[in-house]
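Asks: Right, I'll just put the structure down here and ask away after.
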Amino acid sequence: MTAAVNSGWPVIGHEWAIAHLSRSLAFDRVRHAYLFTGPGMIGKTTLARVFAASLNCRDAHAPCGTCRTCTLILKDGHPDVSIVEAGQAGGQLKIEQVRDLQQTLALRPYEARYRVAVLRRFHEANPAAANALLKTLEEPPPGVILILTADAADLLLPTIVSRCQPLPLRPLPVEVVRAALMTRGAPPDTAQTLAQISGGRIGWAIRALADPAELAQRAEWLDLLETALQGTRRERFALVEKLSLEKTGLQTMLDFWVGYWRDALLIASGSRAPITNYDRQAALQALAERAGMGAVQHALDATRRTSQHLNKNVNTRLALEVLMLDYPLP
Ligand SMILES: [Zn+2]
């Protein structure tokens with residue numbers, strides 16, 4: 001038997017994941033729970049929305065992207081598709097939200113074939129919320145598909161992970177981001193710059209194309225890191241104190257810091273691979289020479305750890321202070 005496998009999903013990159021999902025649809029082997037993992041702003045929720053549309057669009061080439069079902073789902077306005085997430089990035093997803101969702105999922109679909117729930121950044125779920133969801137994962141109501149997204153699988157309870165089909169997504173190649181930006185009208189130079197410094201985070205690149213403030217914000221965060229690295233412990237703690245007052249954006253800031261240390265590690269290890277923050281080449285070179293590979297690796301690991309646990313950490317200031325202690329002194 002042959003079945004049409006549609007690769008025309010309105011998603012940039014992630015081809016193998018799309019191929020996997022559209023095959024499971026074509027052969028009627030859709031699982032009732034999926035886990036999309038990968039760094040922030042690489043398109044996990046976009047893929048989840050488009051998958052939800054594919055599950056429910058009645059067009060022969062689902063998702064058609066134009067029918068009422070597709071339109072509503074892609075705009076987060078369909079009654080049978082729920083998006084559940086912490087109040088803000090870096091917040092906590094709470095048990096009441098999971099209970100509300102469970103009540104919704106217990107009902108028959110309102111008009112769609114499947115009820116789909118997208119639980120975004122599920123690593124931000126507190127333990128009570130995660131445990132509450134386990135019940136649904138163990139005995140999902142018929143016609144219900146759950147899609148969890150998270151930065152990494154090891155941030156979730158193993159019992160949650162083992163009940164989901166994992167789909168680990170990666171940042172996109174620079175070339176793919178560049179082409180996508182040009183399709184959206186970016187001049188070649190701008191497309192190249194944004195694609196490169198996005199580190200493959202297409203969501204950030206698209207946002208930065210629409211709003212130059214994103215680019216300025218990135219520069220500010222990297223300046224701040226470079227200033228901290230030049231400073232004494234006392235000066236670093238003063239910076240952290242100021243930073244921890246900003247409640248939003250710290251996750252994105254740490255994503256950029258991870259990229260910065262990854263570049264420093266590339267240089268320190270003598271790799272010829274192109275760096276992401278090429279506009280910071282001189283500072284990175286100096287840092288790599290001064291600190292050495294061991295200290296750079298240590299700083300990269302610490303930044304990654306802080307980034308992954310920032311959400312669970314009630315005390316942001318303490319987490320950033322500890323991180324500063326892991327950075328090499330001048
Ligand atoms: Zn459709």
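By convention in this document, the chains of the structure tokens carry letters A, B, ... by their order, each chain's residues are numbered from 1, and ligands are numbered from 1 in the order they are shown.
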Go through region 177-224 of chain A and flag each residue having an atom no more than 12 Å from region 238-243 of chain A; for those, report the closest pair of atoms plus their distance in Å to one decimal, using only C-alpha atoms, ordered by chain and rising number, as JSON lines.
Replies:
{"residue": "A:Glu220", "atom": "CA", "partner": "A:Leu243", "partner_atom": "CA", "distance": 11.6}
{"residue": "A:Trp221", "atom": "CA", "partner": "A:Leu243", "partner_atom": "CA", "distance": 9.9}
{"residue": "A:Asp223", "atom": "CA", "partner": "A:Leu239", "partner_atom": "CA", "distance": 11.6}
{"residue": "A:Leu224", "atom": "CA", "partner": "A:Leu239", "partner_atom": "CA", "distance": 8.0}
Asks: Could you please take those selected residues and save N, CA and C atoms as a PDB file, in the first residue's frame?
Replies:
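Saved file out-v3.pdb follows:
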ATOM      1  N   GLU A 220      23.390  44.345  23.881  1.00  0.00           N
ATOM      2  CA  GLU A 220      23.441  44.766  25.283  1.00  0.00           C
ATOM      3  C   GLU A 220      23.802  43.583  26.187  1.00  0.00           C
ATOM      4  N   TRP A 221      23.171  42.412  25.928  1.00  0.00           N
ATOM      5  CA  TRP A 221      23.439  41.233  26.756  1.00  0.00           C
ATOM      6  C   TRP A 221      24.876  40.743  26.611  1.00  0.00           C
ATOM      7  N   ASP A 223      27.437  42.680  25.650  1.00  0.00           N
ATOM      8  CA  ASP A 223      28.273  43.706  26.282  1.00  0.00           C
ATOM      9  C   ASP A 223      28.344  43.454  27.781  1.00  0.00           C
ATOM     10  N   LEU A 224      27.187  43.147  28.340  1.00  0.00           N
ATOM     11  CA  LEU A 224      27.111  42.921  29.778  1.00  0.00           C
ATOM     12  C   LEU A 224      27.992  41.739  30.202  1.00  0.00           C
TER      13      LEU A 224
END
Asks: Could you give me the residues within 7 Å of ligand 1, counting only C-alpha atoms and all ligand atoms, as JSON, numbers by chain?
Replies: {"A": [53, 57, 58, 59, 62, 63, 64, 65, 66, 67, 68, 69, 70]}
Asks: What parts of region 160-227 of chain A does DSSP call helix (DSSP H, G or I)? I'd like the answer as an MDAnalysis selection string.
Replies: chainID A and resid 160:161 174:183 188:198 202:210 213:227
Asks: What's the 12 Å shell around region 190-197 of chain A, counting only C-alpha atoms, without same-chain residues fewer than 6 positions away, as number ranges by chain?
Replies: A: 171-184, 203-212, 214-216, 218-219, 222, 255-257, 259-260, 263, 274-280
Asks: Write the residues of the selection above to a file with N, CA and C atoms, as a CSV table (one decimal), in the first residue's frame.
Replies:
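Result file follows (result-v5.csv):
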chain,number,residue,atom,x,y,z
A,171,PRO,N,18.9,23.3,16.4
A,171,PRO,CA,18.9,24.7,15.7
A,171,PRO,C,19.1,24.4,14.2
A,172,LEU,N,18.5,25.3,13.4
A,172,LEU,CA,18.6,25.2,12.0
A,172,LEU,C,19.9,25.6,11.4
A,173,PRO,N,20.3,25.0,10.3
A,173,PRO,CA,21.6,25.5,9.6
A,173,PRO,C,21.4,27.0,9.3
A,174,VAL,N,22.5,27.7,9.3
A,174,VAL,CA,22.6,29.1,9.0
A,174,VAL,C,21.9,29.4,7.7
A,175,GLU,N,22.3,28.5,6.7
A,175,GLU,CA,21.8,28.7,5.3
A,175,GLU,C,20.3,28.7,5.2
A,176,VAL,N,19.7,27.8,6.0
A,176,VAL,CA,18.2,27.7,6.0
A,176,VAL,C,17.6,28.9,6.6
A,177,VAL,N,18.2,29.4,7.7
A,177,VAL,CA,17.6,30.6,8.3
A,177,VAL,C,17.8,31.8,7.3
A,178,ARG,N,18.9,31.9,6.7
A,178,ARG,CA,19.2,33.0,5.8
A,178,ARG,C,18.2,33.0,4.6
A,179,ALA,N,17.9,31.8,4.1
A,179,ALA,CA,17.0,31.7,3.0
A,179,ALA,C,15.6,32.1,3.4
A,180,ALA,N,15.2,31.7,4.6
A,180,ALA,CA,13.9,32.0,5.2
A,180,ALA,C,13.7,33.5,5.4
A,181,LEU,N,14.8,34.2,5.8
A,181,LEU,CA,14.7,35.6,6.0
A,181,LEU,C,14.6,36.4,4.7
A,182,MET,N,15.3,35.9,3.7
A,182,MET,CA,15.2,36.5,2.4
A,182,MET,C,13.8,36.4,1.8
A,183,THR,N,13.2,35.2,2.0
A,183,THR,CA,11.8,35.0,1.5
A,183,THR,C,10.9,36.0,2.2
A,184,ARG,N,11.3,36.4,3.4
A,184,ARG,CA,10.4,37.4,4.1
A,184,ARG,C,10.9,38.8,3.8
A,203,GLY,N,13.2,31.4,15.2
A,203,GLY,CA,12.2,32.3,15.8
A,203,GLY,C,12.8,33.6,16.2
A,204,TRP,N,14.0,33.6,16.8
A,204,TRP,CA,14.6,34.8,17.1
A,204,TRP,C,15.0,35.6,15.9
A,205,ALA,N,15.5,34.9,14.9
A,205,ALA,CA,15.9,35.6,13.6
A,205,ALA,C,14.7,36.4,13.0
A,206,ILE,N,13.6,35.7,13.0
A,206,ILE,CA,12.4,36.3,12.4
A,206,ILE,C,11.9,37.5,13.2
A,207,ARG,N,12.0,37.4,14.5
A,207,ARG,CA,11.6,38.4,15.4
A,207,ARG,C,12.5,39.6,15.2
A,208,ALA,N,13.8,39.3,15.1
A,208,ALA,CA,14.8,40.4,15.0
A,208,ALA,C,14.7,41.1,13.6
A,209,LEU,N,14.2,40.4,12.6
A,209,LEU,CA,14.0,41.0,11.3
A,209,LEU,C,12.9,42.1,11.4
A,210,ALA,N,11.9,41.7,12.2
A,210,ALA,CA,10.7,42.6,12.3
A,210,ALA,C,11.0,43.7,13.3
A,211,ASP,N,11.9,43.5,14.2
A,211,ASP,CA,12.1,44.5,15.3
A,211,ASP,C,13.6,44.6,15.6
A,212,PRO,N,14.2,45.7,15.1
A,212,PRO,CA,15.6,45.9,15.3
A,212,PRO,C,16.0,46.0,16.8
A,214,GLU,N,15.5,43.9,18.9
A,214,GLU,CA,16.0,42.6,19.3
A,214,GLU,C,17.5,42.5,19.2
A,215,LEU,N,18.0,43.1,18.1
A,215,LEU,CA,19.4,43.1,17.8
A,215,LEU,C,20.1,43.9,18.8
A,216,ALA,N,19.6,45.1,19.2
A,216,ALA,CA,20.2,45.9,20.2
A,216,ALA,C,20.2,45.3,21.5
A,218,ARG,N,20.4,42.0,22.1
A,218,ARG,CA,21.4,41.0,22.0
A,218,ARG,C,22.8,41.7,22.3
A,219,ALA,N,23.0,42.8,21.6
A,219,ALA,CA,24.3,43.5,21.8
A,219,ALA,C,24.5,43.9,23.3
A,222,LEU,N,25.4,40.8,25.4
A,222,LEU,CA,26.8,40.4,25.2
A,222,LEU,C,27.8,41.4,25.8
A,255,ASP,N,20.6,32.0,26.6
A,255,ASP,CA,20.8,31.4,25.3
A,255,ASP,C,22.0,32.0,24.5
A,256,PHE,N,22.0,33.4,24.5
A,256,PHE,CA,23.1,34.1,23.9
A,256,PHE,C,24.4,33.8,24.6
A,257,TRP,N,24.4,33.8,25.9
A,257,TRP,CA,25.7,33.6,26.6
A,257,TRP,C,26.2,32.1,26.3
A,259,GLY,N,25.8,30.5,23.5
A,259,GLY,CA,26.4,30.7,22.2
A,259,GLY,C,27.8,31.3,22.2
A,260,TYR,N,27.9,32.3,23.1
A,260,TYR,CA,29.2,33.0,23.2
A,260,TYR,C,30.3,32.1,23.7
A,263,ASP,N,31.4,29.6,21.2
A,263,ASP,CA,32.3,30.2,20.3
A,263,ASP,C,33.7,30.2,20.9
A,274,PRO,N,33.2,27.8,11.7
A,274,PRO,CA,32.8,29.2,11.9
A,274,PRO,C,32.1,29.5,13.2
A,275,ILE,N,32.4,30.6,13.8
A,275,ILE,CA,31.8,31.0,15.1
A,275,ILE,C,30.4,31.7,14.8
A,276,THR,N,29.6,31.7,15.8
A,276,THR,CA,28.3,32.3,15.6
A,276,THR,C,28.4,33.8,15.8
A,277,ASN,N,29.1,34.3,16.9
A,277,ASN,CA,29.1,35.7,17.2
A,277,ASN,C,30.3,36.3,16.5
A,278,TYR,N,30.3,36.3,15.2
A,278,TYR,CA,31.5,36.7,14.4
A,278,TYR,C,31.8,38.2,14.6
A,279,ASP,N,30.8,39.0,15.1
A,279,ASP,CA,31.1,40.4,15.3
A,279,ASP,C,31.8,40.6,16.7
A,280,ARG,N,32.0,39.5,17.4
A,280,ARG,CA,32.7,39.6,18.7
A,280,ARG,C,34.1,38.8,18.6
Asks: Please report the interatomic distance between CA of Ser162 (chain A) and CA of Ile95 (chain A) in Å with one decimal.
Replies: 20.6 Å
Asks: Closest to Ala125 (chain A) among A:Leu169, A:Arg236, A:His309, A:Gly231, using only C-alpha atoms?
Replies: A:His309
Asks: Can you pull out the residues contacting Ala17 (chain A)? Cut-off 9 Å, using only C-alpha atoms, and skip same-chain residues under 4 positions away; I want them as a PyMOL selection string.
Replies: chain A and resi 21-22+47+167-169
Asks: For the residues in the current selection, export C-alpha atoms as a short mmCIF file (atom, residue, chain, number, x, y, z; two decimals), in the first residue's frame.
Replies:
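Done, and the output landed in result-v8.cif:
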data_model
loop_
_atom_site.label_atom_id
_atom_site.label_comp_id
_atom_site.auth_asym_id
_atom_site.auth_seq_id
_atom_site.Cartn_x
_atom_site.Cartn_y
_atom_site.Cartn_z
CA LEU A 21 5.04 12.90 11.70
CA SER A 22 3.49 12.89 8.24
CA LEU A 47 5.77 22.40 14.49
CA LEU A 167 11.45 14.18 18.69
CA PRO A 168 14.72 15.98 19.45
CA LEU A 169 14.89 19.12 17.31
#
Asks: Rounded to one decimal in Å, what is the spacing between CA of Val84 (chain A) and CA of Ala117 (chain A)?
Replies: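 Spanning CA of Val84 (chain A) to CA of Ala117 (chain A) is a straight-line distance of 7.3 Å.
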Asks: When distances are computed from only C-alpha atoms, which of A:Gln97, A:Ala213, A:Arg31, A:Ala286 shows the smallest separation from Leu133 (chain A)?
Replies: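 Among A:Gln97, A:Ala213, A:Arg31, A:Ala286, it is A:Gln97 that comes nearest to Leu133 (chain A).
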Asks: Tell me, which residues of region 88-327 of chain A carry DSSP strand (DSSP E or B), written as a PyMOL selection string?
Replies: chain A and resi 93+115-119+125+144-150+165-168
Asks: Using only C-alpha atoms for the distances, tell me which of A:Leu35, A:Leu25, A:Ala299, A:Ala19 is nearest to Ala152 (chain A).
Replies: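 Ranked by minimum distance to Ala152 (chain A), first place goes to A:Leu35.
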Asks: Excluding Arg163 (chain A) and any residue of its chain fewer than 6 positions from it, enumerate the residues within 8 Å of it, using only C-alpha atoms, and give them as a ChimeraX atom specification.
Replies: /A:33,137-138
Asks: Compare A:Leu329, A:Leu134, A:Ala295, A:Met41 by their minimum atom-to-atom distance to Ile202 (chain A), counting only C-alpha atoms, and give me the closest one.
Replies: A:Met41
Asks: So the first atom is CA of Pro158 (chain A) and the second is CA of Ala130 (chain A); what is the distance between them in Å, to one decimal place?
Replies: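 So the answer is 10.8 Å.
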Asks: Hey, which of A:Ser269, A:Arg262, A:Arg113, A:Gly249 ends up closest to Ala302 (chain A)? Count only C-alpha atoms.
Replies: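 Among A:Ser269, A:Arg262, A:Arg113, A:Gly249, it is A:Arg262 that comes nearest to Ala302 (chain A).
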Asks: Which polymer residues have any atom within 12 Å of an atom of Val30 (chain A), counting only C-alpha atoms, with same-chain residues fewer than 6 positions away left out, as a VMD selection string?
Replies: chain A and resid 20 to 24 51 to 52 54 to 55 114 143 to 147 164 to 165
